[in-house]
Amino acid sequence: MQSNPQLKDVRFRILGPLEGWDGDRRLRLGGFVNERVLVMLLLEAGQVVPASRLIWAVWDQRPPATALQQIRKAVADLRQRVPGGRHMIATEPPGYRAMVADGQVDLKLFDTRVRTARRAHEEGRVDEAVTHLRAGLDLWRGPILAGTGGPVIEAAAAGWEERRIAATERSFDLRLARGEAGELVSELREVISTNPLRENLRGQLMLALHRSGRRGEAVEEYARLRTLLSEELGIEPSPRLSELHTAILRGSLALEARVPVASAERALPRTLPHDLADFTGRQKEIEQLIAAVSADTGRAGPHVLVIDGMGGSGKTALAVRVAHLLADEYPGGQLYLDLRGFTPGAESLSTQEALGTLLEVLGIPQENSVAHEPHARIPLWRDATADRPFILILDNVADAAQIRPLLLSCAGSLVIITSRTRLAELDGTTGLTLDLLGDEEAIGLLGRILGTERVTAEPRAALELVGLCGNLPLALRIAGARLRKRPHWPLSHLADRLRDGTRTLAELQCGDVSVASVLRTSYEAIPPEHQSGFRTLSHHPGDDLDITAAAAFLGTEPHRAEETMELLLDVHLLQQHTFGRYSFHHLIRSLAHTLPALHPSLISS
């Protein structure tokens, strides 16, 4: 973020007790409400922090009735106390944004030092990397806000604390590699005293002792850790540490110092799926998404695009097309991960499983002693992606909680998310709800699959086929695949088969891909009581209905009917083309008519 001339001499220190300075003059920042509000804004500098999150940060689960007013008062007070404060804290619904340069906050300075050290190491400048790491670590005077920030700030600070430890371990690794040993022992013991279960640190201490001719003490350190792990966690040291212990006992020459030089030419991850050769249409949506990325080049954090839509509407194909079009602008690499949120017959990935997979792609195997620890994966992932811009596609997402820790932190990176559900709770995103294909685009897709001559030979049948497939890309692709397998079938023949509403979904299947199985996963993701409402509403005789009609049809109160309707709308099991009116896509209605009723005990549970 560019420096604000109104704040040129203002700086903040949050790595320890909170301090604000204007040149050589220390600022009086106010009481604990002001402090927590300011720290929360600085922790997420450049991002909009909702007022509700600030309330939680100050009072946790017991906010007073006047909490919002007190937050507003604290912001107004901080604007008065900090020179240029009105320019520093911007009001942006639904909250506030801290506009500060990286050099004005010690947390950001630490991050810059770590990223610079990583680049220096990759280019073989080990001494320079160590200098930057030690300078960054020297900024820490204790836990963020001296550990007095309460649960919300402590949770936000946990990732930074993990990055601090990771940077400490990297510094010791490089210093050991360049030949230091005995001089590291006391420093390592000090860090271990506050992180006694950290195996990497203990291994570094063992290596430093061994290289200092204190092999007996190195073996004692292993025994000490083994006892501690057994008593505290009931586990044994990792295979990696056990191998180090064995090598020390044998006096292995392989333990002598060697300076590792990271390759600047290491292969970049490129795991995007192939772009569909017959991708058709969606030009308006492509231009809209690319424009959203191009319009905000000075953004402090990553660009996050969220594409939601009905199952089979082509969200993944669109995300992959956009990623390929923009790939050259992201030299860090291109990553793709299917979260399996709505995959037939498969369980969705947990956040930890997703992190493990992404770290593997970046060359950090889960056998790595840090990556093996679930709590360490989030900061390790953020650290590994912090200093170069990536494209990351998070496909088939179940909900916001599943992927919130996976979002990249590097300014200039791009995250593209696809989901059946509207992920409105993700802050700072650009959303696009993907509609069905228009008739012209749908016929164009059939032409790309079957050949233009075959489609133009039966224009009326082609248009009817599009309608019977509900303009749904997946249904059109399956229909096209079936016709391609039967080159002698006229399009009208398949249209005749689809016209029988009791057989439509059975016809829209090819191999192991079917419209019914894809749509069913949306239904299975909603609570049983809403599944019951979905099946009941599908028998409503009208083309659409409002809340009053839905309540009468369901035999319930209007507010309960609205709750069901809105949830079905959020997962695209209902459509809404006009405010207050809801309707079924005819393929979804067909699915609902095939579903068995749930046992009453499942609905009430």
# chains A, B, ... in the order shown; residues from 1 in each chain; ligands from 1
$ select_by_dssp --residues "segment 178-337 of chain A" --states "alpha helix (DSSP H)" --output "ChimeraX atom specification"
/A:185-194,199-211,215-232,239-250,283-294,315-326
$ residues_around --residues "segment 586-588 of chain A" --least-positions-apart "3" --cutoff "7 Å" --atoms "only C-alpha atoms" --output "list in words"
Gly470, Leu573, Leu591 and Ala592 of chain A
$ closest_residue --among "A:Asp111, A:Glu524, A:Asp106, A:Asp173" --to "Gly159 of chain A" --atoms "only C-alpha atoms"
A:Asp111
$ residues_around --residues "Glu187 of chain A" --least-positions-apart "5" --cutoff "12 Å" --atoms "only C-alpha atoms" --output "number ranges by chain"
A: 168-169, 171-172, 175, 180-182, 192-194, 201-202, 204-205, 208
$ select_by_dssp --residues "segment 280-403 of chain A" --states "strand (DSSP E or B)" --output "MDAnalysis selection string"
chainID A and resid 303:309 333:338 390:397
$ closest_atom_pairs --of "segment 100-159 of chain A" --to "segment 299-318 of chain A" --cutoff "12 Å" --atoms "only C-alpha atoms" --output "JSON lines"
{"residue": "A:Val100", "atom": "CA", "partner": "A:Ala300", "partner_atom": "CA", "distance": 10.0}
{"residue": "A:Ala101", "atom": "CA", "partner": "A:Ala300", "partner_atom": "CA", "distance": 9.7}
{"residue": "A:Asp102", "atom": "CA", "partner": "A:Ala300", "partner_atom": "CA", "distance": 9.9}
{"residue": "A:Lys108", "atom": "CA", "partner": "A:Ala300", "partner_atom": "CA", "distance": 11.7}
$ write_last_selection --atoms "all heavy atoms" --output "mmCIF file, in the first residue's frame"
data_model
loop_
_atom_site.group_PDB
_atom_site.id
_atom_site.type_symbol
_atom_site.label_atom_id
_atom_site.label_comp_id
_atom_site.auth_asym_id
_atom_site.auth_seq_id
_atom_site.Cartn_x
_atom_site.Cartn_y
_atom_site.Cartn_z
ATOM 1 N N VAL A 100 -2.676 2.092 5.853
ATOM 2 C CA VAL A 100 -1.310 2.376 6.292
ATOM 3 C C VAL A 100 -0.333 1.714 5.334
ATOM 4 O O VAL A 100 -0.648 0.702 4.705
ATOM 5 C CB VAL A 100 -1.055 1.874 7.731
ATOM 6 C CG1 VAL A 100 -1.836 2.691 8.739
ATOM 7 C CG2 VAL A 100 -1.400 0.400 7.867
ATOM 8 N N ALA A 101 0.853 2.285 5.230
ATOM 9 C CA ALA A 101 1.907 1.693 4.415
ATOM 10 C C ALA A 101 2.576 0.568 5.194
ATOM 11 O O ALA A 101 2.560 0.542 6.432
ATOM 12 C CB ALA A 101 2.935 2.758 4.028
ATOM 13 N N ASP A 102 3.187 -0.374 4.467
ATOM 14 C CA ASP A 102 3.840 -1.516 5.123
ATOM 15 C C ASP A 102 4.888 -1.066 6.128
ATOM 16 O O ASP A 102 5.063 -1.673 7.184
ATOM 17 C CB ASP A 102 4.487 -2.415 4.076
ATOM 18 C CG ASP A 102 3.449 -3.192 3.263
ATOM 19 O OD1 ASP A 102 2.257 -3.137 3.633
ATOM 20 O OD2 ASP A 102 3.836 -3.839 2.271
ATOM 21 N N LYS A 108 3.907 -5.591 9.458
ATOM 22 C CA LYS A 108 4.132 -5.598 8.019
ATOM 23 C C LYS A 108 5.625 -5.570 7.691
ATOM 24 O O LYS A 108 6.077 -6.173 6.709
ATOM 25 C CB LYS A 108 3.426 -4.413 7.371
ATOM 26 C CG LYS A 108 1.909 -4.447 7.511
ATOM 27 C CD LYS A 108 1.325 -5.634 6.774
ATOM 28 C CE LYS A 108 -0.191 -5.620 6.793
ATOM 29 N NZ LYS A 108 -0.771 -6.767 6.053
#
$ atom_distance --atom1 "atom CA of Leu228 of chain A" --atom2 "atom CA of Arg214 of chain A"
21.5 Å
$ atom_distance --atom1 "atom CA of Ala479 of chain A" --atom2 "atom CA of Leu450 of chain A"
10.0 Å
$ residues_around --residues "Phe584 of chain A" --least-positions-apart "4" --cutoff "9 Å" --atoms "only C-alpha atoms" --output "PDB file with N, CA, C and O atoms, in the first residue's frame"
ATOM      1  N   SER A 538     -42.277 -28.958  -4.887  1.00  0.00           N
ATOM      2  CA  SER A 538     -42.129 -29.341  -6.298  1.00  0.00           C
ATOM      3  C   SER A 538     -43.449 -29.785  -6.915  1.00  0.00           C
ATOM      4  O   SER A 538     -43.574 -29.839  -8.149  1.00  0.00           O
ATOM      5  N   ASP A 543     -46.471 -22.153 -12.309  1.00  0.00           N
ATOM      6  CA  ASP A 543     -45.119 -21.932 -12.837  1.00  0.00           C
ATOM      7  C   ASP A 543     -44.217 -21.310 -11.781  1.00  0.00           C
ATOM      8  O   ASP A 543     -43.014 -21.526 -11.773  1.00  0.00           O
ATOM      9  N   ASP A 544     -44.798 -20.462 -10.909  1.00  0.00           N
ATOM     10  CA  ASP A 544     -44.043 -19.892  -9.813  1.00  0.00           C
ATOM     11  C   ASP A 544     -44.981 -19.678  -8.638  1.00  0.00           C
ATOM     12  O   ASP A 544     -46.200 -19.913  -8.742  1.00  0.00           O
ATOM     13  N   LEU A 573     -31.521 -24.501  -5.799  1.00  0.00           N
ATOM     14  CA  LEU A 573     -32.587 -25.471  -6.044  1.00  0.00           C
ATOM     15  C   LEU A 573     -33.896 -24.761  -6.381  1.00  0.00           C
ATOM     16  O   LEU A 573     -34.867 -25.407  -6.763  1.00  0.00           O
ATOM     17  N   LEU A 574     -33.929 -23.465  -6.207  1.00  0.00           N
ATOM     18  CA  LEU A 574     -35.016 -22.620  -6.674  1.00  0.00           C
ATOM     19  C   LEU A 574     -34.428 -21.466  -7.464  1.00  0.00           C
ATOM     20  O   LEU A 574     -33.253 -21.103  -7.281  1.00  0.00           O
ATOM     21  N   GLN A 575     -35.249 -20.870  -8.314  1.00  0.00           N
ATOM     22  CA  GLN A 575     -34.845 -19.700  -9.071  1.00  0.00           C
ATOM     23  C   GLN A 575     -35.724 -18.519  -8.667  1.00  0.00           C
ATOM     24  O   GLN A 575     -36.837 -18.703  -8.171  1.00  0.00           O
ATOM     25  N   GLN A 576     -35.219 -17.318  -8.876  1.00  0.00           N
ATOM     26  CA  GLN A 576     -36.015 -16.127  -8.620  1.00  0.00           C
ATOM     27  C   GLN A 576     -35.682 -15.089  -9.699  1.00  0.00           C
ATOM     28  O   GLN A 576     -34.624 -14.474  -9.683  1.00  0.00           O
ATOM     29  N   ILE A 588     -34.824 -29.707 -12.103  1.00  0.00           N
ATOM     30  CA  ILE A 588     -34.816 -29.849 -10.642  1.00  0.00           C
ATOM     31  C   ILE A 588     -36.177 -30.336 -10.155  1.00  0.00           C
ATOM     32  O   ILE A 588     -36.273 -31.164  -9.238  1.00  0.00           O
ATOM     33  N   ARG A 589     -37.243 -29.843 -10.766  1.00  0.00           N
ATOM     34  CA  ARG A 589     -38.573 -30.340 -10.399  1.00  0.00           C
ATOM     35  C   ARG A 589     -38.667 -31.845 -10.697  1.00  0.00           C
ATOM     36  O   ARG A 589     -39.208 -32.621  -9.901  1.00  0.00           O
TER      37      ARG A 589
END
$ residues_around --residues "Leu394 of chain A" --least-positions-apart "2" --cutoff "7 Å" --atoms "only C-alpha atoms" --output "list in words"
Tyr336, Leu337, Asp338, Leu339, Leu392, Asn396, Val397, Ile416, Ile417 and Thr418 of chain A
$ closest_residue --among "A:Arg119, A:Arg72, A:Arg11, A:Arg499" --to "Ala384 of chain A" --atoms "only C-alpha atoms"
A:Arg119
$ residues_around --residues "Val571 of chain A" --least-positions-apart "5" --cutoff "12 Å" --atoms "only C-alpha atoms" --output "compact mmCIF listing (two decimals) with N, CA and C atoms, in the first residue's frame"
# COMPACT_ATOMS: atom_id res chain seq x y z
N ASP A 308 -20.93 -18.57 -8.24
CA ASP A 308 -21.90 -19.55 -7.74
C ASP A 308 -22.93 -19.81 -8.82
N GLY A 309 -23.63 -20.92 -8.70
CA GLY A 309 -24.64 -21.26 -9.70
C GLY A 309 -25.15 -22.66 -9.50
N MET A 310 -26.17 -22.98 -10.25
CA MET A 310 -26.81 -24.29 -10.22
C MET A 310 -25.81 -25.39 -10.61
N GLY A 311 -25.96 -26.56 -10.05
CA GLY A 311 -25.11 -27.68 -10.42
C GLY A 311 -25.18 -27.93 -11.92
N PHE A 342 -19.57 -30.83 -3.52
CA PHE A 342 -20.81 -31.36 -4.08
C PHE A 342 -20.48 -32.44 -5.11
N VAL A 397 -16.69 -25.75 -3.79
CA VAL A 397 -16.58 -25.45 -2.36
C VAL A 397 -17.91 -25.68 -1.66
N ALA A 398 -17.86 -26.29 -0.49
CA ALA A 398 -19.08 -26.57 0.27
C ALA A 398 -19.60 -25.33 0.97
N ASP A 399 -18.71 -24.61 1.67
CA ASP A 399 -19.12 -23.41 2.40
C ASP A 399 -17.89 -22.56 2.66
N SER A 419 -18.83 -22.48 -6.29
CA SER A 419 -19.65 -23.16 -5.30
C SER A 419 -21.10 -23.19 -5.76
N ARG A 420 -21.86 -24.17 -5.28
CA ARG A 420 -23.30 -24.18 -5.50
C ARG A 420 -23.99 -23.13 -4.65
N THR A 421 -23.37 -22.73 -3.55
CA THR A 421 -24.00 -21.82 -2.60
C THR A 421 -23.44 -20.41 -2.76
N ARG A 422 -24.24 -19.44 -2.40
CA ARG A 422 -23.79 -18.05 -2.43
C ARG A 422 -22.95 -17.77 -1.18
N LEU A 423 -21.68 -17.51 -1.35
CA LEU A 423 -20.76 -17.35 -0.22
C LEU A 423 -20.65 -15.88 0.15
N THR A 433 -23.11 -14.66 -10.02
CA THR A 433 -24.04 -15.79 -10.07
C THR A 433 -24.20 -16.19 -11.53
N LEU A 519 -27.35 -32.93 -9.56
CA LEU A 519 -28.35 -32.12 -8.87
C LEU A 519 -28.69 -32.69 -7.50
N ARG A 520 -28.64 -34.01 -7.37
CA ARG A 520 -28.99 -34.63 -6.09
C ARG A 520 -28.05 -34.20 -4.98
N THR A 521 -26.78 -33.92 -5.30
CA THR A 521 -25.84 -33.54 -4.24
C THR A 521 -26.24 -32.20 -3.61
N SER A 522 -26.87 -31.31 -4.38
CA SER A 522 -27.35 -30.06 -3.79
C SER A 522 -28.46 -30.35 -2.80
N TYR A 523 -29.35 -31.25 -3.17
CA TYR A 523 -30.46 -31.64 -2.28
C TYR A 523 -29.92 -32.29 -1.01
N GLU A 524 -28.94 -33.16 -1.15
CA GLU A 524 -28.42 -33.89 0.01
C GLU A 524 -27.66 -32.98 0.97
N ALA A 525 -27.26 -31.79 0.49
CA ALA A 525 -26.49 -30.87 1.34
C ALA A 525 -27.36 -30.03 2.26
N ILE A 526 -28.67 -30.04 2.07
CA ILE A 526 -29.54 -29.19 2.88
C ILE A 526 -30.14 -30.01 4.03
N PRO A 527 -30.54 -29.35 5.12
CA PRO A 527 -31.08 -30.07 6.28
C PRO A 527 -32.35 -30.84 5.93
N HIS A 530 -35.75 -29.07 5.38
CA HIS A 530 -35.85 -28.32 4.13
C HIS A 530 -35.92 -29.25 2.92
N GLN A 531 -35.34 -30.45 3.05
CA GLN A 531 -35.51 -31.45 2.00
C GLN A 531 -36.99 -31.80 1.85
N PHE A 534 -38.71 -29.00 0.08
CA PHE A 534 -38.34 -29.00 -1.33
C PHE A 534 -39.19 -29.99 -2.12
N THR A 564 -37.36 -21.66 4.28
CA THR A 564 -37.10 -22.78 3.37
C THR A 564 -36.83 -22.29 1.95
N MET A 565 -37.66 -21.36 1.47
CA MET A 565 -37.51 -20.86 0.11
C MET A 565 -36.17 -20.17 -0.10
N GLU A 566 -35.76 -19.36 0.87
CA GLU A 566 -34.50 -18.63 0.74
C GLU A 566 -33.31 -19.58 0.79
N ILE A 588 -34.82 -29.71 -12.10
CA ILE A 588 -34.82 -29.85 -10.64
C ILE A 588 -36.18 -30.34 -10.15
$ closest_atom_pairs --of "segment 123-167 of chain A" --to "segment 52-57 of chain A" --cutoff "9 Å" --atoms "only C-alpha atoms" --output "tab-separated table"
residue	atom	partner	partner_atom	distance
A:Gly149	CA	A:Ala57	CA	7.7
A:Gly150	CA	A:Ala57	CA	6.9
A:Pro151	CA	A:Ala57	CA	7.3
A:Val152	CA	A:Ala57	CA	4.9
A:Ile153	CA	A:Ala57	CA	5.9
$ write_last_selection --atoms "C-alpha atoms" --output "CSV table (one decimal), in the first residue's frame"
chain,number,residue,atom,x,y,z
A,149,GLY,CA,-6.2,-9.0,23.2
A,150,GLY,CA,-8.8,-11.5,24.1
A,151,PRO,CA,-9.9,-14.6,22.1
A,152,VAL,CA,-10.6,-13.0,18.7
A,153,ILE,CA,-7.4,-11.0,18.5
